[in-house]
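Undergrad: Below you'll find structure00.cif; it's mmCIF, C-alpha atoms.
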```cif
data_data
#
loop_
_atom_site.label_atom_id
_atom_site.label_comp_id
_atom_site.auth_asym_id
_atom_site.auth_seq_id
_atom_site.Cartn_x
_atom_site.Cartn_y
_atom_site.Cartn_z
CA MET M 1 -46.65 78.50 -34.41
CA LEU M 2 -47.77 82.12 -34.27
CA ASP M 3 -50.15 82.80 -31.43
CA PHE M 4 -51.64 86.27 -31.48
CA ALA M 5 -54.26 85.33 -28.89
CA ALA M 6 -51.46 85.40 -26.30
CA LEU M 7 -51.37 89.18 -26.74
CA LEU M 8 -55.03 89.73 -25.89
CA PRO M 9 -54.64 89.81 -22.08
CA TYR M 10 -52.13 92.62 -22.59
CA SER M 11 -54.24 94.82 -24.85
CA HIS M 12 -54.46 97.52 -22.18
CA VAL M 13 -50.63 97.71 -22.12
CA PHE M 14 -50.55 98.31 -25.87
CA ILE M 15 -53.31 100.92 -25.65
CA HIS M 16 -51.49 102.74 -22.86
CA GLY M 17 -48.27 102.71 -24.92
CA LEU M 18 -50.12 103.88 -28.02
CA ILE M 19 -51.60 106.85 -26.13
CA THR M 20 -48.17 107.82 -24.76
CA THR M 21 -46.63 107.67 -28.24
CA VAL M 22 -49.43 109.80 -29.70
CA GLU M 23 -49.17 112.34 -26.87
CA ILE M 24 -45.41 112.67 -27.13
CA SER M 25 -45.41 112.84 -30.92
CA LEU M 26 -48.15 115.47 -30.99
CA LEU M 27 -46.38 117.68 -28.46
CA ALA M 28 -42.99 117.24 -30.13
CA THR M 29 -44.43 117.97 -33.59
CA VAL M 30 -46.11 121.22 -32.53
CA LEU M 31 -43.15 122.50 -30.47
CA GLY M 32 -40.59 121.30 -33.01
CA LEU M 33 -42.33 123.01 -35.93
CA VAL M 34 -42.77 126.30 -34.08
CA LEU M 35 -39.14 126.26 -33.02
CA GLY M 36 -38.04 125.19 -36.50
CA ALA M 37 -39.97 128.03 -38.15
CA THR M 38 -38.43 130.53 -35.72
CA PHE M 39 -34.93 129.23 -36.39
CA ALA M 40 -35.58 129.23 -40.14
CA VAL M 41 -36.49 132.91 -40.04
CA ALA M 42 -33.39 133.62 -37.93
CA ARG M 43 -31.24 131.63 -40.33
CA GLN M 44 -32.64 133.27 -43.46
CA TYR M 45 -33.16 136.89 -42.36
CA GLY M 46 -31.16 137.19 -39.13
CA ALA M 47 -27.75 138.77 -38.60
CA THR M 48 -24.73 136.84 -39.86
CA TRP M 49 -23.68 135.65 -36.40
CA LEU M 50 -27.20 134.45 -35.57
CA SER M 51 -27.50 132.69 -38.91
CA ARG M 52 -24.17 130.99 -38.28
CA ILE M 53 -25.13 129.75 -34.81
CA VAL M 54 -28.37 128.29 -36.15
CA ASN M 55 -26.43 126.63 -38.95
CA VAL M 56 -24.00 124.97 -36.51
CA TYR M 57 -26.95 123.69 -34.46
CA VAL M 58 -28.69 122.32 -37.55
CA GLU M 59 -25.58 120.55 -38.83
CA LEU M 60 -24.70 119.10 -35.41
CA ILE M 61 -28.16 117.59 -34.97
CA ARG M 62 -28.55 116.41 -38.56
CA ASN M 63 -25.23 114.57 -38.50
CA THR M 64 -25.57 112.65 -35.23
CA PRO M 65 -27.94 109.76 -34.43
CA PHE M 66 -31.11 110.49 -32.49
CA ILE M 67 -30.32 107.81 -29.91
CA VAL M 68 -26.98 109.47 -29.07
CA GLN M 69 -28.70 112.86 -28.69
CA LEU M 70 -31.22 111.21 -26.40
CA PHE M 71 -28.52 109.53 -24.26
CA PHE M 72 -26.59 112.79 -24.09
CA ILE M 73 -29.65 114.67 -22.83
CA PHE M 74 -30.86 111.96 -20.45
CA PHE M 75 -27.55 110.69 -19.06
CA GLY M 76 -25.16 113.55 -19.84
CA LEU M 77 -27.03 116.66 -18.76
CA PRO M 78 -27.71 115.54 -15.14
CA SER M 79 -23.95 115.40 -14.59
CA ILE M 80 -23.80 119.16 -15.17
CA GLY M 81 -26.75 119.70 -12.85
CA LEU M 82 -29.75 119.55 -15.20
CA LYS M 83 -31.86 116.66 -13.94
CA LEU M 84 -34.63 115.51 -16.26
CA SER M 85 -37.24 112.79 -16.06
CA ALA M 86 -37.26 110.24 -18.91
CA TRP M 87 -40.41 111.81 -20.31
CA GLU M 88 -38.94 115.33 -20.29
CA ALA M 89 -35.65 114.16 -21.79
CA GLY M 90 -37.56 112.33 -24.52
CA ILE M 91 -39.68 115.35 -25.42
CA ILE M 92 -36.66 117.67 -25.44
CA ALA M 93 -34.66 115.31 -27.64
CA MET M 94 -37.53 115.00 -30.15
CA VAL M 95 -38.17 118.75 -30.24
CA VAL M 96 -34.47 119.51 -30.68
CA ASN M 97 -34.25 116.92 -33.44
CA LEU M 98 -37.38 117.96 -35.36
CA ALA M 99 -36.54 121.66 -34.98
CA ALA M 100 -33.17 121.14 -36.68
CA TYR M 101 -34.63 119.28 -39.65
CA SER M 102 -37.63 121.60 -40.04
CA THR M 103 -35.34 124.65 -39.87
CA GLU M 104 -33.53 123.43 -42.95
CA ILE M 105 -36.77 122.50 -44.75
CA ILE M 106 -38.67 125.71 -43.96
CA ARG M 107 -35.61 127.81 -44.78
CA ALA M 108 -35.59 126.28 -48.26
CA GLY M 109 -39.23 127.37 -48.60
CA LEU M 110 -38.44 130.91 -47.45
CA ALA M 111 -35.45 131.13 -49.78
CA SER M 112 -37.63 130.28 -52.77
CA THR M 113 -39.93 133.26 -52.15
CA PRO M 114 -39.72 135.57 -55.18
CA LYS M 115 -38.03 138.88 -54.35
CA GLY M 116 -40.99 140.73 -55.80
CA GLN M 117 -43.15 139.63 -52.89
CA TRP M 118 -40.89 141.41 -50.41
CA GLU M 119 -40.71 144.47 -52.63
CA ALA M 120 -44.47 144.56 -53.06
CA GLY M 121 -44.87 144.29 -49.29
CA LYS M 122 -42.52 147.21 -48.79
CA VAL M 123 -44.27 149.34 -51.40
CA LEU M 124 -47.60 148.70 -49.70
CA GLY M 125 -46.09 150.01 -46.46
CA LEU M 126 -45.98 146.66 -44.64
CA SER M 127 -43.29 146.19 -42.02
CA PHE M 128 -40.89 143.23 -42.13
CA LYS M 129 -43.06 141.35 -39.62
CA GLN M 130 -46.27 142.02 -41.51
CA THR M 131 -44.77 140.96 -44.84
CA LEU M 132 -43.37 137.81 -43.27
CA PHE M 133 -46.57 136.70 -41.53
CA ARG M 134 -49.19 137.93 -44.00
CA VAL M 135 -47.47 137.49 -47.34
CA VAL M 136 -44.46 135.22 -47.29
CA ILE M 137 -44.79 132.45 -44.71
CA ILE M 138 -47.85 130.49 -45.83
CA PRO M 139 -46.86 130.07 -49.51
CA ALA M 140 -43.32 129.26 -48.34
CA ILE M 141 -44.63 126.46 -46.13
CA GLU M 142 -46.94 125.26 -48.87
CA LYS M 143 -43.97 124.71 -51.18
CA ILE M 144 -42.16 122.41 -48.75
CA TYR M 145 -45.25 120.92 -47.09
CA PRO M 146 -44.72 117.32 -48.35
CA ALA M 147 -41.13 117.27 -47.07
CA LEU M 148 -42.25 118.71 -43.75
CA THR M 149 -44.95 116.04 -43.44
CA SER M 150 -42.45 113.24 -44.09
CA GLN M 151 -40.02 114.65 -41.55
CA CYS M 152 -42.68 114.84 -38.84
CA ILE M 153 -43.60 111.21 -39.54
CA ILE M 154 -39.93 110.19 -39.37
CA VAL M 155 -39.60 111.88 -35.97
CA MET M 156 -42.79 110.17 -34.75
CA LEU M 157 -41.33 106.79 -35.81
CA GLY M 158 -38.04 107.75 -34.18
CA SER M 159 -39.86 108.07 -30.86
CA ALA M 160 -39.61 104.26 -30.65
CA VAL M 161 -36.10 104.84 -29.36
CA LEU M 162 -37.47 106.62 -26.27
CA SER M 163 -38.25 103.16 -24.86
CA GLN M 164 -34.51 102.82 -24.30
CA ILE M 165 -34.62 105.44 -21.54
CA SER M 166 -37.75 103.82 -20.07
CA VAL M 167 -40.38 106.17 -21.49
CA GLN M 168 -43.46 103.93 -21.49
CA ASP M 169 -44.35 104.30 -25.15
CA LEU M 170 -45.56 101.76 -27.68
CA THR M 171 -42.16 100.09 -28.08
CA TYR M 172 -41.79 99.88 -24.32
CA ALA M 173 -45.17 98.14 -24.23
CA ALA M 174 -43.98 95.64 -26.87
CA ASN M 175 -40.82 94.92 -24.87
CA PHE M 176 -42.83 94.54 -21.68
CA VAL M 177 -45.36 92.15 -23.22
CA GLN M 178 -42.75 89.95 -24.89
CA SER M 179 -40.84 89.70 -21.63
CA ARG M 180 -44.01 88.36 -19.99
CA ASN M 181 -45.38 85.93 -22.54
CA PHE M 182 -42.23 85.31 -24.65
CA ARG M 183 -44.20 85.97 -27.83
CA SER M 184 -41.60 88.38 -29.19
CA PHE M 185 -42.40 88.12 -32.90
CA GLU M 186 -46.16 88.55 -32.49
CA SER M 187 -45.67 91.39 -30.07
CA TYR M 188 -43.30 93.33 -32.33
CA LEU M 189 -45.36 92.61 -35.46
CA VAL M 190 -48.51 94.05 -33.90
CA THR M 191 -46.53 97.05 -32.67
CA ALA M 192 -45.01 97.64 -36.11
CA LEU M 193 -48.52 97.58 -37.62
CA LEU M 194 -49.71 100.08 -35.02
CA TYR M 195 -46.84 102.39 -35.98
CA LEU M 196 -47.73 101.96 -39.65
CA PHE M 197 -51.32 102.89 -38.80
CA LEU M 198 -50.11 105.98 -36.91
CA ALA M 199 -47.90 107.01 -39.84
CA ILE M 200 -50.79 106.74 -42.31
CA LEU M 201 -53.09 108.59 -39.92
CA MET M 202 -50.52 111.35 -39.48
CA ARG M 203 -50.16 111.82 -43.25
CA LYS M 204 -53.95 112.07 -43.56
CA ALA M 205 -54.07 114.62 -40.73
CA PHE M 206 -51.34 116.72 -42.33
CA ASN M 207 -53.18 116.65 -45.65
CA LEU M 208 -56.37 117.86 -43.98
CA ILE M 209 -54.54 120.66 -42.16
CA GLY M 210 -52.78 121.55 -45.39
CA LYS M 211 -56.08 121.85 -47.24
CA ARG M 212 -57.31 124.33 -44.64
CA LEU M 213 -54.04 126.21 -44.37
CA PHE M 214 -53.65 126.66 -48.11
CA SER M 215 -57.33 127.26 -48.86
CA TYR M 216 -56.58 130.78 -50.10
CA ARG M 217 -55.90 129.22 -53.47
CA ALA M 218 -59.44 127.90 -53.81
CA GLU M 219 -61.01 131.20 -52.77
CA ARG M 220 -59.74 133.06 -55.78
CA MET R 1 -10.97 99.68 -10.15
CA ILE R 2 -9.41 100.45 -13.52
CA GLU R 3 -8.99 104.12 -14.27
CA PHE R 4 -10.01 105.32 -17.72
CA SER R 5 -8.11 108.28 -19.10
CA ASN R 6 -9.47 110.38 -21.96
CA TYR R 7 -7.06 108.53 -24.20
CA ASP R 8 -8.53 105.16 -23.17
CA ILE R 9 -12.07 106.36 -23.80
CA ILE R 10 -11.26 107.70 -27.25
CA ARG R 11 -9.18 104.66 -28.19
CA ASN R 12 -11.98 102.27 -27.25
CA LEU R 13 -14.56 104.38 -29.04
CA LEU R 14 -12.43 104.43 -32.19
CA ILE R 15 -12.10 100.64 -32.10
CA ALA R 16 -15.89 100.40 -31.98
CA THR R 17 -16.17 102.99 -34.77
CA GLN R 18 -14.65 100.44 -37.14
CA TRP R 19 -17.75 98.29 -36.63
CA THR R 20 -20.03 101.25 -37.25
CA VAL R 21 -18.22 101.93 -40.52
CA LEU R 22 -18.29 98.28 -41.53
CA LEU R 23 -21.99 97.95 -40.71
CA SER R 24 -22.78 101.14 -42.65
CA LEU R 25 -20.87 99.90 -45.68
CA ALA R 26 -22.51 96.47 -45.58
CA ALA R 27 -25.96 98.02 -45.24
CA PHE R 28 -25.37 100.58 -47.98
CA VAL R 29 -23.94 98.07 -50.47
CA GLY R 30 -26.72 95.61 -49.64
CA GLY R 31 -29.33 98.35 -49.87
CA ILE R 32 -28.07 99.51 -53.27
CA SER R 33 -28.12 95.94 -54.62
CA VAL R 34 -31.68 95.28 -53.47
CA ALA R 35 -32.83 98.73 -54.62
CA LEU R 36 -31.32 98.13 -58.09
CA CYS R 37 -33.28 94.87 -58.44
CA LEU R 38 -36.47 96.56 -57.25
CA THR R 39 -35.97 99.54 -59.59
CA ALA R 40 -35.45 97.17 -62.51
CA ALA R 41 -38.63 95.31 -61.53
CA ARG R 42 -40.50 98.62 -61.32
CA LEU R 43 -39.36 99.67 -64.80
CA THR R 44 -41.10 96.65 -66.31
CA LYS R 45 -44.34 98.52 -65.49
CA ASN R 46 -45.97 95.24 -64.43
CA PRO R 47 -48.89 96.40 -62.22
CA VAL R 48 -48.48 93.50 -59.76
CA LEU R 49 -44.76 94.17 -59.31
CA THR R 50 -45.14 97.95 -58.97
CA GLY R 51 -47.97 97.41 -56.48
CA LEU R 52 -45.82 95.09 -54.41
CA ILE R 53 -42.90 97.53 -54.44
CA LYS R 54 -45.18 100.36 -53.40
CA PHE R 55 -46.38 98.23 -50.49
CA TYR R 56 -42.78 97.34 -49.58
CA VAL R 57 -41.76 101.02 -49.52
CA GLU R 58 -44.83 102.01 -47.51
CA VAL R 59 -44.18 99.33 -44.88
CA PHE R 60 -40.48 100.09 -44.43
CA GLN R 61 -40.95 103.86 -44.43
CA GLY R 62 -43.97 103.67 -42.15
CA THR R 63 -42.51 101.58 -39.33
CA PRO R 64 -39.64 102.43 -36.98
CA LEU R 65 -36.22 101.03 -37.91
CA LEU R 66 -35.98 99.76 -34.34
CA MET R 67 -39.10 97.60 -34.88
CA GLN R 68 -37.64 96.25 -38.12
CA MET R 69 -34.49 95.26 -36.26
CA PHE R 70 -36.44 93.55 -33.49
CA LEU R 71 -38.51 91.68 -36.06
CA CYS R 72 -35.41 90.52 -37.95
CA PHE R 73 -33.67 89.55 -34.74
CA PHE R 74 -36.56 87.71 -33.08
CA GLY R 75 -38.55 86.75 -36.16
CA LEU R 76 -35.81 84.81 -37.88
CA SER R 77 -34.90 82.89 -34.75
CA LEU R 78 -38.56 81.91 -34.60
CA VAL R 79 -38.28 80.04 -37.90
CA GLY R 80 -35.26 78.20 -36.52
CA LEU R 81 -32.44 80.36 -37.90
CA ASN R 82 -29.95 81.20 -35.19
CA ILE R 83 -29.22 84.75 -36.25
CA SER R 84 -26.50 86.90 -34.73
CA ALA R 85 -26.95 90.56 -33.86
CA TRP R 86 -24.62 91.46 -36.75
CA ASN R 87 -26.71 89.51 -39.28
CA ALA R 88 -29.96 90.94 -37.98
CA ALA R 89 -28.57 94.46 -38.13
CA VAL R 90 -27.21 94.05 -41.67
CA LEU R 91 -30.45 92.48 -42.87
CA SER R 92 -32.77 95.08 -41.39
CA LEU R 93 -30.58 98.02 -42.44
CA THR R 94 -30.33 96.60 -45.96
CA LEU R 95 -34.11 96.35 -46.28
CA PHE R 96 -34.58 99.82 -44.75
CA THR R 97 -31.98 101.37 -47.06
CA SER R 98 -33.36 99.72 -50.17
CA ALA R 99 -36.89 100.95 -49.43
CA PHE R 100 -35.70 104.55 -49.25
CA LEU R 101 -33.31 104.32 -52.21
CA VAL R 102 -35.93 102.77 -54.48
CA GLU R 103 -38.22 105.71 -53.70
CA ILE R 104 -35.44 108.28 -54.26
CA TRP R 105 -34.47 106.70 -57.57
CA ARG R 106 -38.10 106.48 -58.67
CA GLY R 107 -38.26 110.25 -58.40
CA CYS R 108 -35.03 110.62 -60.38
CA ILE R 109 -36.11 108.36 -63.23
CA ASP R 110 -39.59 109.89 -63.38
CA THR R 111 -38.21 113.42 -63.77
CA LEU R 112 -36.79 112.45 -67.16
CA PRO R 113 -39.14 113.72 -69.87
CA LYS R 114 -41.29 111.04 -71.47
CA GLY R 115 -40.04 112.21 -74.86
CA GLN R 116 -36.68 110.58 -74.15
CA TRP R 117 -38.29 107.14 -74.06
CA GLU R 118 -40.32 107.90 -77.16
CA ALA R 119 -37.31 109.28 -79.05
CA SER R 120 -35.29 106.18 -78.18
CA ARG R 121 -38.06 103.95 -79.46
CA CYS R 122 -38.18 105.94 -82.73
CA LEU R 123 -34.44 105.44 -83.08
CA GLY R 124 -34.99 101.71 -82.79
CA LEU R 125 -33.35 101.23 -79.41
CA SER R 126 -34.56 98.28 -77.38
CA PHE R 127 -35.81 98.69 -73.81
CA LEU R 128 -32.46 97.66 -72.35
CA GLN R 129 -30.51 99.88 -74.76
CA THR R 130 -32.69 102.87 -73.85
CA LEU R 131 -32.03 102.14 -70.22
CA ARG R 132 -28.30 101.68 -70.66
CA TYR R 133 -27.52 104.57 -73.05
CA VAL R 134 -30.25 107.15 -72.44
CA VAL R 135 -32.03 106.87 -69.11
CA LEU R 136 -29.47 105.61 -66.62
CA PRO R 137 -26.62 108.04 -67.41
CA GLN R 138 -28.97 110.98 -66.85
CA ALA R 139 -30.78 109.48 -63.87
CA PHE R 140 -27.43 108.63 -62.26
CA LYS R 141 -26.39 112.29 -62.24
CA VAL R 142 -29.64 113.36 -60.63
CA ALA R 143 -29.65 110.47 -58.14
CA LEU R 144 -26.08 110.82 -56.89
CA ALA R 145 -26.58 113.76 -54.50
CA PRO R 146 -29.73 112.49 -52.74
CA SER R 147 -28.29 108.94 -52.50
CA ILE R 148 -25.15 110.19 -50.77
CA GLY R 149 -27.36 112.39 -48.60
CA PHE R 150 -29.32 109.30 -47.61
CA SER R 151 -26.14 107.43 -46.68
CA VAL R 152 -25.99 109.78 -43.67
CA GLN R 153 -29.29 108.27 -42.50
CA VAL R 154 -27.76 104.79 -42.88
CA VAL R 155 -24.73 105.66 -40.73
CA LYS R 156 -27.04 107.12 -38.10
CA GLY R 157 -29.34 104.11 -38.40
CA THR R 158 -26.50 101.77 -37.42
CA ALA R 159 -26.65 103.35 -33.93
CA LEU R 160 -29.86 101.39 -33.36
CA ALA R 161 -27.96 98.11 -33.70
CA SER R 162 -26.71 98.84 -30.18
CA VAL R 163 -30.23 98.09 -28.92
CA ILE R 164 -30.14 94.48 -30.14
CA GLY R 165 -26.72 94.10 -28.56
CA PHE R 166 -24.30 94.65 -31.41
CA VAL R 167 -21.20 96.41 -30.10
CA GLU R 168 -20.65 99.44 -32.31
CA LEU R 169 -20.01 103.07 -31.46
CA THR R 170 -23.18 103.76 -29.47
CA LYS R 171 -23.01 100.47 -27.57
CA ALA R 172 -19.34 101.12 -26.77
CA GLY R 173 -20.44 104.53 -25.50
CA THR R 174 -23.01 103.08 -23.11
CA MET R 175 -20.51 100.46 -21.92
CA LEU R 176 -17.83 103.09 -21.31
CA ASN R 177 -20.41 105.22 -19.54
CA ASN R 178 -21.17 102.33 -17.21
CA ALA R 179 -17.46 101.94 -16.49
CA THR R 180 -16.50 105.60 -16.08
CA PHE R 181 -19.72 107.30 -14.87
CA GLU R 182 -18.87 110.25 -17.10
CA PRO R 183 -21.85 110.29 -19.45
CA PHE R 184 -21.41 113.92 -20.50
CA LYS R 185 -17.89 113.36 -21.77
CA VAL R 186 -18.45 109.90 -23.24
CA PHE R 187 -21.59 110.75 -25.21
CA ALA R 188 -20.08 114.04 -26.38
CA PHE R 189 -17.16 112.05 -27.82
CA VAL R 190 -19.57 109.54 -29.38
CA ALA R 191 -21.57 112.36 -30.98
CA LEU R 192 -18.41 113.99 -32.28
CA ILE R 193 -17.23 110.76 -33.91
CA TYR R 194 -20.61 110.32 -35.60
CA PHE R 195 -20.40 113.93 -36.75
CA ALA R 196 -16.94 113.31 -38.19
CA LEU R 197 -18.34 110.34 -40.12
CA CYS R 198 -21.52 112.00 -41.35
CA TYR R 199 -20.60 115.60 -42.01
CA PRO R 200 -18.28 114.89 -44.97
CA LEU R 201 -21.09 112.87 -46.54
CA SER R 202 -23.61 115.69 -46.00
CA LEU R 203 -21.16 118.18 -47.44
CA THR R 204 -20.44 116.05 -50.52
CA SER R 205 -24.15 115.66 -51.13
CA LYS R 206 -24.69 119.41 -50.85
CA ILE R 207 -21.81 120.24 -53.20
CA LEU R 208 -22.96 117.69 -55.79
CA GLU R 209 -26.49 119.04 -55.59
CA LYS R 210 -25.27 122.56 -56.36
CA LYS R 211 -23.02 121.34 -59.16
CA PHE R 212 -25.73 119.43 -60.98
CA ASN R 213 -28.33 122.11 -60.43
CA VAL R 214 -26.12 124.63 -62.20
CA SER R 215 -25.54 122.41 -65.21
CA ARG R 216 -29.26 121.98 -65.81
#
```
If you took the structure in this file and wrote it as structure tokens, what would it be?
TA:
Amino acid sequence: MLDFAALLPYSHVFIHGLITTVEISLLATVLGLVLGATFAVARQYGATWLSRIVNVYVELIRNTPFIVQLFFIFFGLPSIGLKLSAWEAGIIAMVVNLAAYSTEIIRAGLASTPKGQWEAGKVLGLSFKQTLFRVVIIPAIEKIYPALTSQCIIVMLGSAVLSQISVQDLTYAANFVQSRNFRSFESYLVTALLYLFLAILMRKAFNLIGKRLFSYRAER
Amino acid sequence: MIEFSNYDIIRNLLIATQWTVLLSLAAFVGGISVALCLTAARLTKNPVLTGLIKFYVEVFQGTPLLMQMFLCFFGLSLVGLNISAWNAAVLSLTLFTSAFLVEIWRGCIDTLPKGQWEASRCLGLSFLQTLRYVVLPQAFKVALAPSIGFSVQVVKGTALASVIGFVELTKAGTMLNNATFEPFKVFAFVALIYFALCYPLSLTSKILEKKFNVSR
């Protein structure tokens, strides 16, 4: 009944989709984390008004579905004059989404920094910037690193929704193939396994990066 | 051509919101039931069962919810079951929810000190008695905040049911967009309704978290 051989002629479609998904996820992860870290610092140490604005942004994004954010950016923004290609809209939606979640996660890490670290930095004559970048930020990220990893994986998996605005990612490939050979179950099963593979790979990659990033512990 | 006023748009969206709420409730209740069974199976400490549950969690957390919905929708019709979009959505959201809840609850039960189990055994309590009188009341307190927090993910997950053709809030939004050509307004309304559904849940979860953190 199941016929996976029917997928073989379309392997290049799957590979193309896989590459697009990896590209988009990689870009969104890097941009989203940088933006999230910036917002987290603004939220934790910024002026009250700045902290409030960031908080509204975080709550708005965290309490609405990704697909609605995507539709709003892709369909809604052109009507006020901001025309975006599907690919651009997809990237923006993912970055905006990941940035909101990582803001909240990284902020929790920053908040758990012992006060003594800041005081020690001040006593040693370090400026706010120096204390933040050389003393506080790495241990703060280390504390919340598992949560951050999971969130990045969730956003990568969420990219499946981009197929709905015709970004030619892995899910788009699955839809395309099943519309050609009518092998919907096989097509989606293979795609789901590819996503699972990507998720496991991403966790491994984060662990490797983490080992390097937090290697100061081993040096002592 | 029929004209849609703001009132018409909001009224139609609110009608569709009922289905979003119903789908969320069905998925959450279903997810809790399945997760309870799985947690009970995990507590038996049978290596085969725990291995299977670990695999189950890994698969459902490692694949997109959209894929799970497609597989439920197309997979079950392959074995001859004529499944509606509603059934496929409920089924896939139930499985998705249970996989996350079982993992959340695992963390909550495992944070209890081992001494509690040992003390209960010394007092002559059976496994079920320990569970009923010692472990669950404490684990419940710890689990409440993250479980409610996760319910936000379930409500947001129901938006994906629009892709397999179930008419809920998001689908109603796309349909209204096609009729009115006012995507900015329509999707802003849709987002606001989702926010109105989810924010109280997020807030409750946050408040509970603070409350129980203080007491410990």
Undergrad: Residues within 12 Å of Phe181 in chain R, please, as a list in words. Count only C-alpha atoms; anything in the same chain fewer than 2 positions from it doesn't count.
TA: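 Residues near the query, excluding close chain neighbours: Phe75, Gly76, Pro78 and Ser79 of chain M; Glu3, Phe4, Ile9, Gly173, Thr174, Met175, Leu176, Asn177, Asn178, Ala179, Pro183, Phe184, Lys185, Val186 and Phe187 of chain R.
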Undergrad: Can you list, as an mmCIF file with C-alpha atoms, in the frame of the given file, the residues that the PyMOL selection byres ((chain R) within 8 of (chain M)) selects here?
TA:
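Output below, filename result14.cif:
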```
data_model
loop_
_atom_site.group_PDB
_atom_site.id
_atom_site.type_symbol
_atom_site.label_atom_id
_atom_site.label_comp_id
_atom_site.auth_asym_id
_atom_site.auth_seq_id
_atom_site.Cartn_x
_atom_site.Cartn_y
_atom_site.Cartn_z
ATOM 1 C CA VAL R 59 -44.180 99.330 -44.880
ATOM 2 C CA GLY R 62 -43.970 103.670 -42.150
ATOM 3 C CA THR R 63 -42.510 101.580 -39.330
ATOM 4 C CA PRO R 64 -39.640 102.430 -36.980
ATOM 5 C CA LEU R 65 -36.220 101.030 -37.910
ATOM 6 C CA LEU R 66 -35.980 99.760 -34.340
ATOM 7 C CA MET R 67 -39.100 97.600 -34.880
ATOM 8 C CA GLN R 68 -37.640 96.250 -38.120
ATOM 9 C CA PHE R 70 -36.440 93.550 -33.490
ATOM 10 C CA LEU R 71 -38.510 91.680 -36.060
ATOM 11 C CA PHE R 74 -36.560 87.710 -33.080
ATOM 12 C CA GLY R 75 -38.550 86.750 -36.160
ATOM 13 C CA LEU R 78 -38.560 81.910 -34.600
ATOM 14 C CA VAL R 152 -25.990 109.780 -43.670
ATOM 15 C CA LYS R 156 -27.040 107.120 -38.100
ATOM 16 C CA GLY R 157 -29.340 104.110 -38.400
ATOM 17 C CA ALA R 159 -26.650 103.350 -33.930
ATOM 18 C CA LEU R 160 -29.860 101.390 -33.360
ATOM 19 C CA VAL R 163 -30.230 98.090 -28.920
ATOM 20 C CA THR R 170 -23.180 103.760 -29.470
ATOM 21 C CA GLU R 182 -18.870 110.250 -17.100
ATOM 22 C CA PRO R 183 -21.850 110.290 -19.450
ATOM 23 C CA PHE R 184 -21.410 113.920 -20.500
ATOM 24 C CA LYS R 185 -17.890 113.360 -21.770
ATOM 25 C CA PHE R 187 -21.590 110.750 -25.210
ATOM 26 C CA ALA R 188 -20.080 114.040 -26.380
ATOM 27 C CA VAL R 190 -19.570 109.540 -29.380
ATOM 28 C CA ALA R 191 -21.570 112.360 -30.980
ATOM 29 C CA LEU R 192 -18.410 113.990 -32.280
ATOM 30 C CA TYR R 194 -20.610 110.320 -35.600
ATOM 31 C CA PHE R 195 -20.400 113.930 -36.750
ATOM 32 C CA CYS R 198 -21.520 112.000 -41.350
ATOM 33 C CA TYR R 199 -20.600 115.600 -42.010
ATOM 34 C CA SER R 202 -23.610 115.690 -46.000
#
```
Undergrad: Applying the PyMOL selection byres ((chain M and resi 214) around 12) to the file I just gave you, which residues come out? Please list them as a ChimeraX atom specification.
TA: /M:137-143,145,206-213,215-220
Undergrad: What is the CA of Gly36 in chain M to CA of Val58 in chain M distance in Å?
TA: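 Rounded to one decimal, the two atoms are 9.8 Å apart.
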Undergrad: Exactly which residues make up the result of the PyMOL selection byres ((chain R and resi 105) around 9) on this file, given as an MDAnalysis selection string?
TA: chainID R and resid 35 39 100:104 106:110 139:140 142:143 146:147
Undergrad: As an exercise, work out the distance from CA of Leu148 in chain M to CA of Ser102 in chain M in Å and give it to one decimal place.
TA: 6.6 Å
Undergrad: May I ask for the distance between CA of Leu33 in chain M and CA of Cys152 in chain M, given in Å to one decimal place?
TA: 8.7 Å
Undergrad: Would you pick out the contacts of range 49-54 of chain R at 9 Å or less, using all atoms listed in the file, so that residues sharing its chain but fewer than 3 positions from it are not included, and give the list as a compact mmCIF listing (two decimals) with C-alpha atoms, in the frame of the given file?
TA:
```txt
# COMPACT_ATOMS: atom_id res chain seq x y z
CA LEU R 38 -36.47 96.56 -57.25
CA THR R 39 -35.97 99.54 -59.59
CA ALA R 41 -38.63 95.31 -61.53
CA ARG R 42 -40.50 98.62 -61.32
CA LEU R 43 -39.36 99.67 -64.80
CA THR R 44 -41.10 96.65 -66.31
CA LYS R 45 -44.34 98.52 -65.49
CA ASN R 46 -45.97 95.24 -64.43
CA VAL R 57 -41.76 101.02 -49.52
CA GLU R 58 -44.83 102.01 -47.51
CA VAL R 59 -44.18 99.33 -44.88
CA ALA R 99 -36.89 100.95 -49.43
CA VAL R 102 -35.93 102.77 -54.48
CA GLU R 103 -38.22 105.71 -53.70
```
Undergrad: For Leu197 in chain R, which residue among R:Cys37, R:Val21, R:Gly115, R:Asn213 is the nearest when counting only C-alpha atoms?
TA: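 With only C-alpha atoms as the atom set, the closest residue is R:Val21.
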Undergrad: Which of these, M:Ser179, M:Ser163, M:Thr149, M:Gln168, has the shortest distance to Thr20 in chain M once you count all atoms listed in the file?
TA: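 For Thr20 in chain M, the nearest of the given residues is M:Gln168.
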Undergrad: Taking only C-alpha atoms into account, name the residue in R:Val79, R:Leu208, R:Ala196, R:Met69 that is nearest to Ser92 in chain R.
TA: R:Met69
Undergrad: Find the residues around range 45-50 of chain M up to 12 Å (only C-alpha atoms counted), leave out those fewer than 5 positions away in its own chain, and share them as number ranges by chain.
TA: M: 37-40, 55-57, 107, 110-111, 128-129, 132
